[in-house]
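File shown here: upload.tsv, holding TSV, C-alpha atoms.
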chain	number	residue	atom	x	y	z
A	987	MET	CA	100.66	69.18	137.77
A	988	LEU	CA	101.47	70.93	141.05
A	989	ALA	CA	97.84	71.95	141.69
A	990	PHE	CA	96.74	68.30	141.77
A	991	THR	CA	99.15	67.76	144.66
A	992	LEU	CA	98.71	71.00	146.59
A	993	LEU	CA	94.90	71.21	146.54
A	994	PRO	CA	94.21	67.74	148.04
A	995	VAL	CA	96.81	68.38	150.76
A	996	ALA	CA	95.37	71.83	151.50
A	997	LEU	CA	91.83	70.42	151.56
A	998	ALA	CA	92.74	67.61	153.98
A	999	ALA	CA	94.63	69.98	156.30
A	1000	THR	CA	91.81	72.54	156.25
A	1001	MET	CA	89.22	69.88	157.05
A	1002	VAL	CA	91.19	68.71	160.09
A	1003	VAL	CA	91.56	72.29	161.32
A	1004	ALA	CA	87.85	72.94	160.73
A	1005	ILE	CA	86.93	69.87	162.79
A	1006	SER	CA	89.07	71.09	165.69
A	1007	ILE	CA	87.53	74.58	165.86
A	1008	GLY	CA	84.10	75.37	167.22
A	1009	ALA	CA	82.29	76.36	170.39
A	1010	VAL	CA	84.70	73.97	172.14
A	1011	ASN	CA	88.29	74.16	170.92
A	1012	ILE	CA	89.84	70.71	170.59
A	1013	PRO	CA	93.60	70.12	170.10
A	1014	LEU	CA	94.59	68.77	166.68
A	1015	GLY	CA	96.13	65.71	168.32
A	1016	ASP	CA	92.80	64.74	169.88
A	1017	VAL	CA	91.01	65.34	166.57
A	1018	TRP	CA	93.42	63.00	164.77
A	1019	ALA	CA	93.00	60.41	167.52
A	1020	VAL	CA	89.22	60.39	167.17
A	1021	VAL	CA	89.28	60.29	163.36
A	1022	LEU	CA	91.88	57.51	163.25
A	1023	HIS	CA	89.89	55.50	165.78
A	1024	HIS	CA	86.72	55.61	163.69
A	1025	VAL	CA	88.38	55.25	160.28
A	1026	THR	CA	91.00	52.61	160.99
A	1027	GLY	CA	89.80	51.08	164.25
A	1028	ALA	CA	93.04	52.05	165.98
A	1029	ASP	CA	93.03	52.15	169.78
A	1030	THR	CA	93.22	55.94	169.93
A	1031	ALA	CA	89.74	56.75	171.27
A	1032	PRO	CA	89.75	59.56	173.85
A	1033	SER	CA	88.71	58.82	177.41
A	1034	ASP	CA	86.01	61.49	177.26
A	1035	PRO	CA	83.01	60.18	175.24
A	1036	ALA	CA	81.67	63.74	174.87
A	1037	LEU	CA	84.84	64.69	173.00
A	1038	ASP	CA	84.38	61.74	170.67
A	1039	GLN	CA	80.77	62.71	170.01
A	1040	ILE	CA	81.62	66.35	169.27
A	1041	VAL	CA	84.37	65.44	166.81
A	1042	TRP	CA	82.83	62.43	165.07
A	1043	ASP	CA	79.06	62.89	165.27
A	1044	PHE	CA	78.74	66.67	164.98
A	1045	ARG	CA	81.77	68.28	163.35
A	1046	THR	CA	83.18	65.65	161.00
A	1047	PRO	CA	79.99	65.02	158.97
A	1048	ARG	CA	79.46	68.78	158.80
A	1049	VAL	CA	82.91	69.41	157.37
A	1050	VAL	CA	82.67	66.47	154.97
A	1051	LEU	CA	79.26	67.66	153.73
A	1052	ALA	CA	80.57	71.21	153.25
A	1053	ALA	CA	83.38	69.82	151.07
A	1054	LEU	CA	80.97	67.72	149.00
A	1055	VAL	CA	78.51	70.58	148.51
A	1056	GLY	CA	81.28	73.00	147.54
A	1057	ALA	CA	82.67	70.52	145.01
A	1058	GLY	CA	79.23	69.83	143.52
A	1059	LEU	CA	78.24	73.48	143.12
A	1060	ALA	CA	81.61	74.43	141.64
A	1061	VAL	CA	81.58	71.62	139.06
A	1062	THR	CA	78.01	72.43	138.08
A	1063	GLY	CA	78.92	76.07	137.55
A	1064	ALA	CA	81.89	75.17	135.35
A	1065	VAL	CA	79.76	72.91	133.15
A	1066	LEU	CA	76.81	75.30	132.86
A	1067	GLN	CA	79.07	78.18	131.85
A	1068	THR	CA	80.23	76.14	128.88
A	1069	VAL	CA	76.83	74.63	128.04
A	1070	VAL	CA	75.10	78.03	127.76
A	1071	SER	CA	78.20	79.90	126.51
A	1072	ASN	CA	77.85	82.42	129.31
A	1073	PRO	CA	80.63	83.10	131.86
A	1074	LEU	CA	78.05	84.32	134.41
A	1075	ALA	CA	75.99	81.11	134.46
A	1076	ASP	CA	75.54	79.04	137.61
A	1077	PRO	CA	72.74	76.95	139.20
A	1078	ILE	CA	70.94	80.11	140.39
A	1079	VAL	CA	70.94	81.76	136.97
A	1080	LEU	CA	69.40	78.66	135.38
A	1081	GLY	CA	66.72	78.42	138.08
A	1082	PHE	CA	67.84	75.09	139.60
A	1083	SER	CA	68.38	76.61	143.04
A	1084	TYR	CA	65.00	78.35	143.09
A	1085	GLY	CA	63.24	75.11	142.15
A	1086	ALA	CA	64.91	73.34	145.06
A	1087	THR	CA	64.00	76.18	147.40
A	1088	LEU	CA	60.32	76.03	146.48
A	1089	GLY	CA	60.19	72.28	147.05
A	1090	ALA	CA	61.76	72.58	150.48
A	1091	VAL	CA	59.65	75.55	151.55
A	1092	LEU	CA	56.44	73.74	150.57
A	1093	VAL	CA	57.31	70.87	152.90
A	1094	ILE	CA	58.44	73.14	155.75
A	1095	THR	CA	55.28	75.28	155.66
A	1096	LEU	CA	52.38	73.22	154.29
A	1097	GLY	CA	53.75	70.12	155.95
A	1098	GLY	CA	54.38	71.87	159.23
A	1099	GLY	CA	58.04	70.88	159.05
A	1100	ALA	CA	57.12	67.21	158.71
A	1101	ALA	CA	56.58	65.11	155.60
A	1102	LEU	CA	54.17	66.33	152.95
A	1103	ALA	CA	52.74	63.61	150.73
A	1104	GLY	CA	55.48	61.32	151.98
A	1105	LEU	CA	58.31	63.73	151.12
A	1106	GLY	CA	60.93	65.14	153.44
A	1107	VAL	CA	62.62	68.52	152.95
A	1108	SER	CA	65.63	67.05	151.15
A	1109	ALA	CA	63.57	64.91	148.78
A	1110	ALA	CA	61.25	67.82	147.94
A	1111	ALA	CA	64.22	70.11	147.29
A	1112	PHE	CA	65.77	67.55	144.96
A	1113	LEU	CA	62.53	67.13	143.01
A	1114	GLY	CA	62.15	70.91	142.81
A	1115	ALA	CA	65.59	71.31	141.27
A	1116	VAL	CA	64.93	68.53	138.77
A	1117	ALA	CA	61.55	70.07	137.86
A	1118	ALA	CA	63.19	73.44	137.27
A	1119	GLY	CA	65.84	71.78	135.11
A	1120	ALA	CA	63.17	69.99	133.06
A	1121	LEU	CA	61.27	73.23	132.44
A	1122	VAL	CA	64.43	75.10	131.45
A	1123	PHE	CA	65.34	72.23	129.13
A	1124	ALA	CA	61.89	72.29	127.49
A	1125	LEU	CA	61.70	76.08	127.10
A	1126	GLY	CA	65.33	76.43	126.02
A	1127	GLN	CA	64.73	74.59	122.75
A	1128	ARG	CA	64.04	76.11	119.37
A	1129	ARG	CA	63.00	73.85	116.54
A	1130	GLY	CA	64.22	70.83	118.44
A	1131	ARG	CA	67.64	72.29	119.24
A	1132	LEU	CA	68.90	73.73	122.52
A	1133	ALA	CA	69.89	77.37	122.16
A	1134	PRO	CA	72.33	78.82	124.75
A	1135	VAL	CA	70.65	82.24	124.91
A	1136	ARG	CA	67.19	80.70	125.22
A	1137	LEU	CA	68.46	78.44	128.01
A	1138	VAL	CA	69.65	81.43	130.03
A	1139	LEU	CA	66.46	83.42	129.43
A	1140	ALA	CA	64.33	80.39	130.27
A	1141	GLY	CA	66.36	79.83	133.44
A	1142	VAL	CA	65.92	83.43	134.59
A	1143	ALA	CA	62.18	83.35	133.87
A	1144	ILE	CA	61.63	79.99	135.57
A	1145	GLY	CA	63.72	81.15	138.52
A	1146	TYR	CA	61.51	84.21	139.03
A	1147	VAL	CA	58.35	82.09	138.80
A	1148	PHE	CA	59.65	79.72	141.47
A	1149	LEU	CA	60.88	82.64	143.59
A	1150	SER	CA	57.44	84.30	143.42
A	1151	ALA	CA	55.77	81.04	144.43
A	1152	THR	CA	58.21	80.68	147.31
A	1153	SER	CA	57.43	84.21	148.53
A	1154	PHE	CA	53.71	83.48	148.42
A	1155	VAL	CA	54.13	80.29	150.42
A	1156	GLN	CA	56.24	82.16	152.99
A	1157	LEU	CA	53.31	84.50	153.63
A	1158	GLN	CA	51.35	81.50	154.90
A	1159	ALA	CA	54.11	80.43	157.29
A	1160	THR	CA	54.13	80.77	161.06
A	1161	PRO	CA	57.00	82.72	162.69
A	1162	THR	CA	58.71	79.46	163.68
A	1163	GLU	CA	58.39	78.01	160.19
A	1164	LEU	CA	59.55	81.28	158.66
A	1165	ARG	CA	62.77	81.21	160.65
A	1166	THR	CA	63.46	77.68	159.44
A	1167	VAL	CA	62.65	78.67	155.87
A	1168	MET	CA	64.97	81.69	155.90
A	1169	PHE	CA	67.87	79.73	157.37
A	1170	TRP	CA	67.38	76.97	154.80
A	1171	MET	CA	67.09	79.43	151.90
A	1172	LEU	CA	70.42	81.00	152.85
A	1173	GLY	CA	72.18	77.64	153.10
A	1174	SER	CA	73.71	75.72	155.99
A	1175	VAL	CA	75.41	72.40	156.75
A	1176	ALA	CA	74.81	72.71	160.49
A	1177	GLY	CA	72.40	69.79	160.52
A	1178	ALA	CA	74.72	67.38	158.68
A	1179	THR	CA	74.53	63.72	159.69
A	1180	TRP	CA	76.42	60.62	158.60
A	1181	ASP	CA	73.22	59.26	157.04
A	1182	GLN	CA	73.39	62.01	154.38
A	1183	ILE	CA	77.03	61.49	153.44
A	1184	PRO	CA	76.95	58.22	151.40
A	1185	THR	CA	74.31	59.37	148.90
A	1186	VAL	CA	75.82	62.81	148.41
A	1187	THR	CA	79.32	61.33	148.08
A	1188	VAL	CA	78.24	58.86	145.40
A	1189	VAL	CA	76.35	61.48	143.39
A	1190	VAL	CA	79.13	64.09	143.58
A	1191	LEU	CA	81.92	61.63	142.73
A	1192	VAL	CA	80.06	59.80	139.95
A	1193	THR	CA	78.72	62.92	138.24
A	1194	THR	CA	82.09	64.69	138.51
A	1195	VAL	CA	83.82	61.71	136.91
A	1196	LEU	CA	81.18	61.46	134.18
A	1197	LEU	CA	81.37	65.18	133.45
A	1198	SER	CA	85.17	64.99	133.35
A	1199	LEU	CA	84.89	62.21	130.76
A	1200	PHE	CA	83.06	64.75	128.59
A	1201	GLY	CA	86.04	67.09	128.96
A	1202	ARG	CA	87.27	66.82	125.37
A	1203	ARG	CA	83.79	67.48	123.97
A	1204	LEU	CA	83.31	70.39	126.37
A	1205	ASN	CA	86.54	71.84	125.03
A	1206	VAL	CA	85.19	71.52	121.49
A	1207	LEU	CA	81.95	73.20	122.57
A	1208	LEU	CA	83.97	76.25	123.57
A	1209	ALA	CA	84.84	76.79	119.91
A	1210	GLY	CA	81.15	77.26	119.02
A	1211	ASP	CA	78.34	75.08	117.77
A	1212	GLU	CA	79.39	75.16	114.11
A	1213	SER	CA	82.96	74.10	114.86
A	1214	ALA	CA	81.77	71.40	117.25
A	1215	THR	CA	79.33	70.02	114.69
A	1216	ALA	CA	82.03	70.03	112.02
A	1217	LEU	CA	84.21	67.93	114.36
A	1218	GLY	CA	81.45	65.34	114.71
A	1219	VAL	CA	79.92	66.40	118.05
A	1220	ASP	CA	76.14	66.14	118.39
A	1221	VAL	CA	75.79	69.51	120.11
A	1222	ASN	CA	72.10	69.20	120.99
A	1223	ARG	CA	72.46	65.76	122.53
A	1224	LEU	CA	75.61	66.79	124.39
A	1225	ARG	CA	73.88	69.81	125.95
A	1226	ALA	CA	70.91	67.67	126.96
A	1227	VAL	CA	73.11	65.10	128.75
A	1228	LEU	CA	75.14	67.81	130.48
A	1229	LEU	CA	72.00	69.61	131.66
A	1230	VAL	CA	70.55	66.41	133.10
A	1231	LEU	CA	73.77	65.62	134.99
A	1232	SER	CA	74.00	69.23	136.22
A	1233	ALA	CA	70.41	69.19	137.46
A	1234	LEU	CA	71.02	65.89	139.28
A	1235	LEU	CA	74.18	67.21	140.93
A	1236	THR	CA	72.63	70.57	141.86
A	1237	GLY	CA	69.47	69.02	143.23
A	1238	THR	CA	71.42	66.59	145.40
A	1239	VAL	CA	73.69	69.15	147.07
A	1240	ILE	CA	71.02	71.82	147.51
A	1241	ALA	CA	68.69	69.22	149.00
A	1242	VAL	CA	71.05	68.72	151.96
A	1243	ALA	CA	72.54	72.22	152.33
A	1244	GLY	CA	69.99	74.71	151.07
A	1245	SER	CA	70.51	77.41	148.49
A	1246	ILE	CA	74.12	78.67	148.40
A	1247	GLY	CA	75.03	81.21	145.76
A	1248	PHE	CA	78.18	82.32	143.95
A	1249	VAL	CA	80.21	79.13	144.51
A	1250	GLY	CA	79.42	77.91	141.01
A	1251	LEU	CA	80.25	81.33	139.61
A	1252	MET	CA	83.50	82.12	141.40
A	1253	ILE	CA	85.44	78.89	141.64
A	1254	PRO	CA	85.50	77.85	137.94
A	1255	HIS	CA	86.81	81.28	136.96
A	1256	LEU	CA	89.54	81.20	139.61
A	1257	VAL	CA	90.68	77.82	138.27
A	1258	ARG	CA	90.59	79.02	134.65
A	1259	LEU	CA	92.74	82.02	135.55
A	1260	THR	CA	95.48	79.76	136.90
A	1261	THR	CA	95.30	76.53	134.88
A	1262	GLY	CA	93.47	77.38	131.65
A	1263	ALA	CA	90.14	76.23	130.18
A	1264	ASP	CA	90.89	72.58	129.41
A	1265	HIS	CA	87.95	70.81	131.06
A	1266	ARG	CA	89.95	67.63	131.60
A	1267	ARG	CA	91.95	69.57	134.21
A	1268	LEU	CA	89.39	72.24	134.98
A	1269	LEU	CA	86.64	70.02	136.40
A	1270	PRO	CA	88.72	67.98	138.90
A	1271	LEU	CA	90.57	71.09	140.10
A	1272	THR	CA	87.31	73.02	140.33
A	1273	ALA	CA	85.86	70.27	142.52
A	1274	LEU	CA	88.87	70.38	144.85
A	1275	LEU	CA	88.94	74.18	145.10
A	1276	GLY	CA	85.15	74.35	145.57
A	1277	ALA	CA	85.41	71.85	148.42
A	1278	LEU	CA	88.24	73.81	150.05
A	1279	TYR	CA	86.40	77.10	149.64
A	1280	LEU	CA	83.13	75.99	151.24
A	1281	VAL	CA	84.92	74.28	154.15
A	1282	LEU	CA	86.63	77.62	154.85
A	1283	VAL	CA	83.38	79.56	154.50
A	1284	ASP	CA	81.60	77.18	156.87
A	1285	LEU	CA	84.43	77.53	159.37
A	1286	LEU	CA	84.10	81.30	159.13
A	1287	SER	CA	80.31	81.13	159.50
A	1288	ARG	CA	80.55	79.45	162.91
A	1289	THR	CA	83.51	81.39	164.32
A	1290	VAL	CA	83.02	85.00	163.20
A	1291	ASN	CA	80.14	85.54	165.66
A	1292	ARG	CA	80.44	82.72	168.19
A	1293	PRO	CA	78.36	81.14	169.61
A	1294	ASN	CA	75.90	82.25	166.91
A	1295	GLU	CA	76.17	80.91	163.35
A	1296	LEU	CA	75.72	82.74	160.08
A	1297	PRO	CA	74.04	81.04	157.10
A	1298	LEU	CA	76.54	80.13	154.40
A	1299	GLY	CA	74.69	82.13	151.76
A	1300	ILE	CA	75.38	85.40	153.54
A	1301	LEU	CA	79.13	84.89	153.46
A	1302	THR	CA	79.28	83.45	149.94
A	1303	ALA	CA	77.29	86.45	148.68
A	1304	LEU	CA	79.51	88.85	150.61
A	1305	LEU	CA	82.60	87.29	149.02
A	1306	GLY	CA	81.05	86.52	145.64
A	1307	ALA	CA	79.32	89.79	144.75
A	1308	PRO	CA	82.58	91.80	144.43
A	1309	PHE	CA	84.00	88.99	142.30
A	1310	PHE	CA	80.89	89.10	140.12
A	1311	LEU	CA	81.32	92.85	139.57
A	1312	TRP	CA	85.02	92.40	138.80
A	1313	LEU	CA	84.16	89.71	136.28
A	1314	LEU	CA	81.65	92.00	134.58
A	1315	ARG	CA	84.32	94.69	134.15
A	1316	ARG	CA	86.99	92.24	133.04
A	1317	ASN	CA	84.97	90.28	130.44
A	1318	LYS	CA	84.78	92.49	127.36
A	1319	GLY	CA	82.79	89.81	125.57
A	1320	LEU	CA	79.75	90.89	127.61
A	1321	ASP	CA	79.76	94.40	126.13
Can you present the structure in this file as structure tokens?
Amino acid sequence: MLAFTLLPVALAATMVVAISIGAVNIPLGDVWAVVLHHVTGADTAPSDPALDQIVWDFRTPRVVLAALVGAGLAVTGAVLQTVVSNPLADPIVLGFSYGATLGAVLVITLGGGAALAGLGVSAAAFLGAVAAGALVFALGQRRGRLAPVRLVLAGVAIGYVFLSATSFVQLQATPTELRTVMFWMLGSVAGATWDQIPTVTVVVLVTTVLLSLFGRRLNVLLAGDESATALGVDVNRLRAVLLVLSALLTGTVIAVAGSIGFVGLMIPHLVRLTTGADHRRLLPLTALLGALYLVLVDLLSRTVNRPNELPLGILTALLGAPFFLWLLRRNKGLD
């Protein structure tokens, strides 16, 4: 399939361009030289150590993390839309993002930006997302079975509870803490480091592969619960496994990049419009397009108003809200 060739090439090219652009413009040749030196050990290191530090220590982990976060959010959105039978579902709608936000804000404010009860911001955000997922899972059941409509309603309700708690905690914050909280809530990969990359890479790759292995059963789930049950699929168990994997993936990426909206909503629909709804193709392509999209958004966030940076959530909302409205008008099944 042509998309499986074009998207990886486009993603790699975009990442190299993104690494070369910033407050200091660096020629593509020098960028390649630095990357090749660190990846392959080739004798291509630049004579200026500052150039090497800018490319390898600051920009490269940032671009790599943006790609991983975009892939994770997009895949999660594609899965959740099928699990709850709602084309408007994403990690925010099901409350995962708000749970992560509350966890992070608690550490930033009550912990004074340091560790609270031994937790850092990323760990607290991850636990918050998992806690939100567990509550949605518990409240979304009826007579021992997961109901799609109840899952969505539970997600919205839990999300508002966590959002209210977050607002209350913000009232206790100092101006310095509040600035940190707001920037984190709107999402950013500006503080990316190489230490974060291995864990996020493993989680995103493993969960994406596992979810893709469920592709045939996800396709059956599209036909409805009765049809899926008739074909031998344990619908309740399948939804439970998919929700757990989605919460794990969401919690991991939000823990390192903050709350970023609309990626999980937009990207799966764009892929479906071009390649169809077969999850065996949809999920890998969604991951690639989500990665490409967030790398571009991050590049825009640090170049549109240089030397200042915009949080990613502002731009994803600016681009995603019109798409959301278009989707509402287009999808007659929501009437």
What lies within 8 Å of stretch 1192-1195 of chain A using all atoms listed in the file, ignoring chain neighbours under 3 positions off, as a ChimeraX atom specification?
-> /A:1058,1061,1188-1189,1198-1199,1231,1235,1269-1270,1273
Closest of A:Val1227, A:Ala1118, A:Leu1208, A:Val1017 to A:Ala1086 - atom-to-atom distances counting only C-alpha atoms | A:Ala1118
When you look at A:Leu1285 with a cut-off of 9 Å (counting all atoms listed in the file), what residues show up, excluding the ones that are within fewer than 4 positions of it in the same chain? I need them as an mmCIF file with C-alpha atoms, in the coordinates of the input.
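The result, stored in result.cif:
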data_model
loop_
_atom_site.group_PDB
_atom_site.id
_atom_site.type_symbol
_atom_site.label_atom_id
_atom_site.label_comp_id
_atom_site.auth_asym_id
_atom_site.auth_seq_id
_atom_site.Cartn_x
_atom_site.Cartn_y
_atom_site.Cartn_z
ATOM 1 C CA ALA A 1004 87.850 72.940 160.730
ATOM 2 C CA ILE A 1005 86.930 69.870 162.790
ATOM 3 C CA ILE A 1007 87.530 74.580 165.860
ATOM 4 C CA GLY A 1008 84.100 75.370 167.220
ATOM 5 C CA VAL A 1049 82.910 69.410 157.370
ATOM 6 C CA LEU A 1280 83.130 75.990 151.240
ATOM 7 C CA VAL A 1281 84.920 74.280 154.150
ATOM 8 C CA THR A 1289 83.510 81.390 164.320
ATOM 9 C CA VAL A 1290 83.020 85.000 163.200
#
Hey, what's within 7 Å of A:Gly1247 if we count all atoms listed in the file and toss same-chain stuff fewer than 5 positions away? As a tab-separated table (two decimals) with C-alpha atoms, keeping the file's coordinate frame, please?
chain	number	residue	atom	x	y	z
A	1078	ILE	CA	70.94	80.11	140.39
A	1299	GLY	CA	74.69	82.13	151.76
A	1302	THR	CA	79.28	83.45	149.94
A	1303	ALA	CA	77.29	86.45	148.68
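Restricting the calculation to only C-alpha atoms, the smallest distance between A:Leu1096 and any of A:Leu1164, A:Ala1178, A:Val1249, A:Val1239 is found for A:Leu1164.
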In file coordinates, which residues lie within 12 Å of (78.3, 60.9, 152.9) using all atoms listed in the file, given as a ChimeraX atom specification?
-> /A:1046-1055,1178-1191,1238-1239,1242
Keeping C-alpha atoms for every residue in the selection just given, could you write it to a file as a JSON list (two decimals), in the frame of the given file?
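Wrote selection_0.json, looks like this:
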[["chain", "number", "residue", "atom", "x", "y", "z"],
["A", 1046, "THR", "CA", 83.18, 65.65, 161.00],
["A", 1047, "PRO", "CA", 79.99, 65.02, 158.97],
["A", 1048, "ARG", "CA", 79.46, 68.78, 158.80],
["A", 1049, "VAL", "CA", 82.91, 69.41, 157.37],
["A", 1050, "VAL", "CA", 82.67, 66.47, 154.97],
["A", 1051, "LEU", "CA", 79.26, 67.66, 153.73],
["A", 1052, "ALA", "CA", 80.57, 71.21, 153.25],
["A", 1053, "ALA", "CA", 83.38, 69.82, 151.07],
["A", 1054, "LEU", "CA", 80.97, 67.72, 149.00],
["A", 1055, "VAL", "CA", 78.51, 70.58, 148.51],
["A", 1178, "ALA", "CA", 74.72, 67.38, 158.68],
["A", 1179, "THR", "CA", 74.53, 63.72, 159.69],
["A", 1180, "TRP", "CA", 76.42, 60.62, 158.60],
["A", 1181, "ASP", "CA", 73.22, 59.26, 157.04],
["A", 1182, "GLN", "CA", 73.39, 62.01, 154.38],
["A", 1183, "ILE", "CA", 77.03, 61.49, 153.44],
["A", 1184, "PRO", "CA", 76.95, 58.22, 151.40],
["A", 1185, "THR", "CA", 74.31, 59.37, 148.90],
["A", 1186, "VAL", "CA", 75.82, 62.81, 148.41],
["A", 1187, "THR", "CA", 79.32, 61.33, 148.08],
["A", 1188, "VAL", "CA", 78.24, 58.86, 145.40],
["A", 1189, "VAL", "CA", 76.35, 61.48, 143.39],
["A", 1190, "VAL", "CA", 79.13, 64.09, 143.58],
["A", 1191, "LEU", "CA", 81.92, 61.63, 142.73],
["A", 1238, "THR", "CA", 71.42, 66.59, 145.40],
["A", 1239, "VAL", "CA", 73.69, 69.15, 147.07],
["A", 1242, "VAL", "CA", 71.05, 68.72, 151.96]]
Within 12 Å of (64.8, 83.7, 137.6), only C-alpha atoms: residues as a PyMOL selection string?
-> chain A and resi 1075-1085+1118+1122+1137-1151
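Residues in contact with stretch 992-998 of chain A at 8 Å, where all atoms listed in the file are counted and same-chain residues fewer than 5 positions away are skipped, are listed as Leu1271, Leu1274, Leu1275, Ala1277 and Leu1278 of chain A.
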For each of A:His1265, A:His1255, A:Leu1092, A:Ala999, take the minimum atom-to-atom distance to A:Arg1316, counting all atoms listed in the file, then give the residue where this is smallest.
-> A:His1255
Write out as a PyMOL selection string which residues come within 9 Å of A:Phe1310 when counting all atoms listed in the file, dropping same-chain ones fewer than 2 positions away.
-> chain A and resi 1074+1248+1251-1252+1306-1308+1312-1315
Hey, can I get the axis-aligned box for stretch 989-992 of chain A? All listed atoms, 6 Å padding on each side, centre and edge lengths in Å to one decimal, as lines of an AutoDock Vina configuration file.
center_x = 97.9
center_y = 69.9
center_z = 144.1
size_x = 14.4
size_y = 16.2
size_z = 16.9
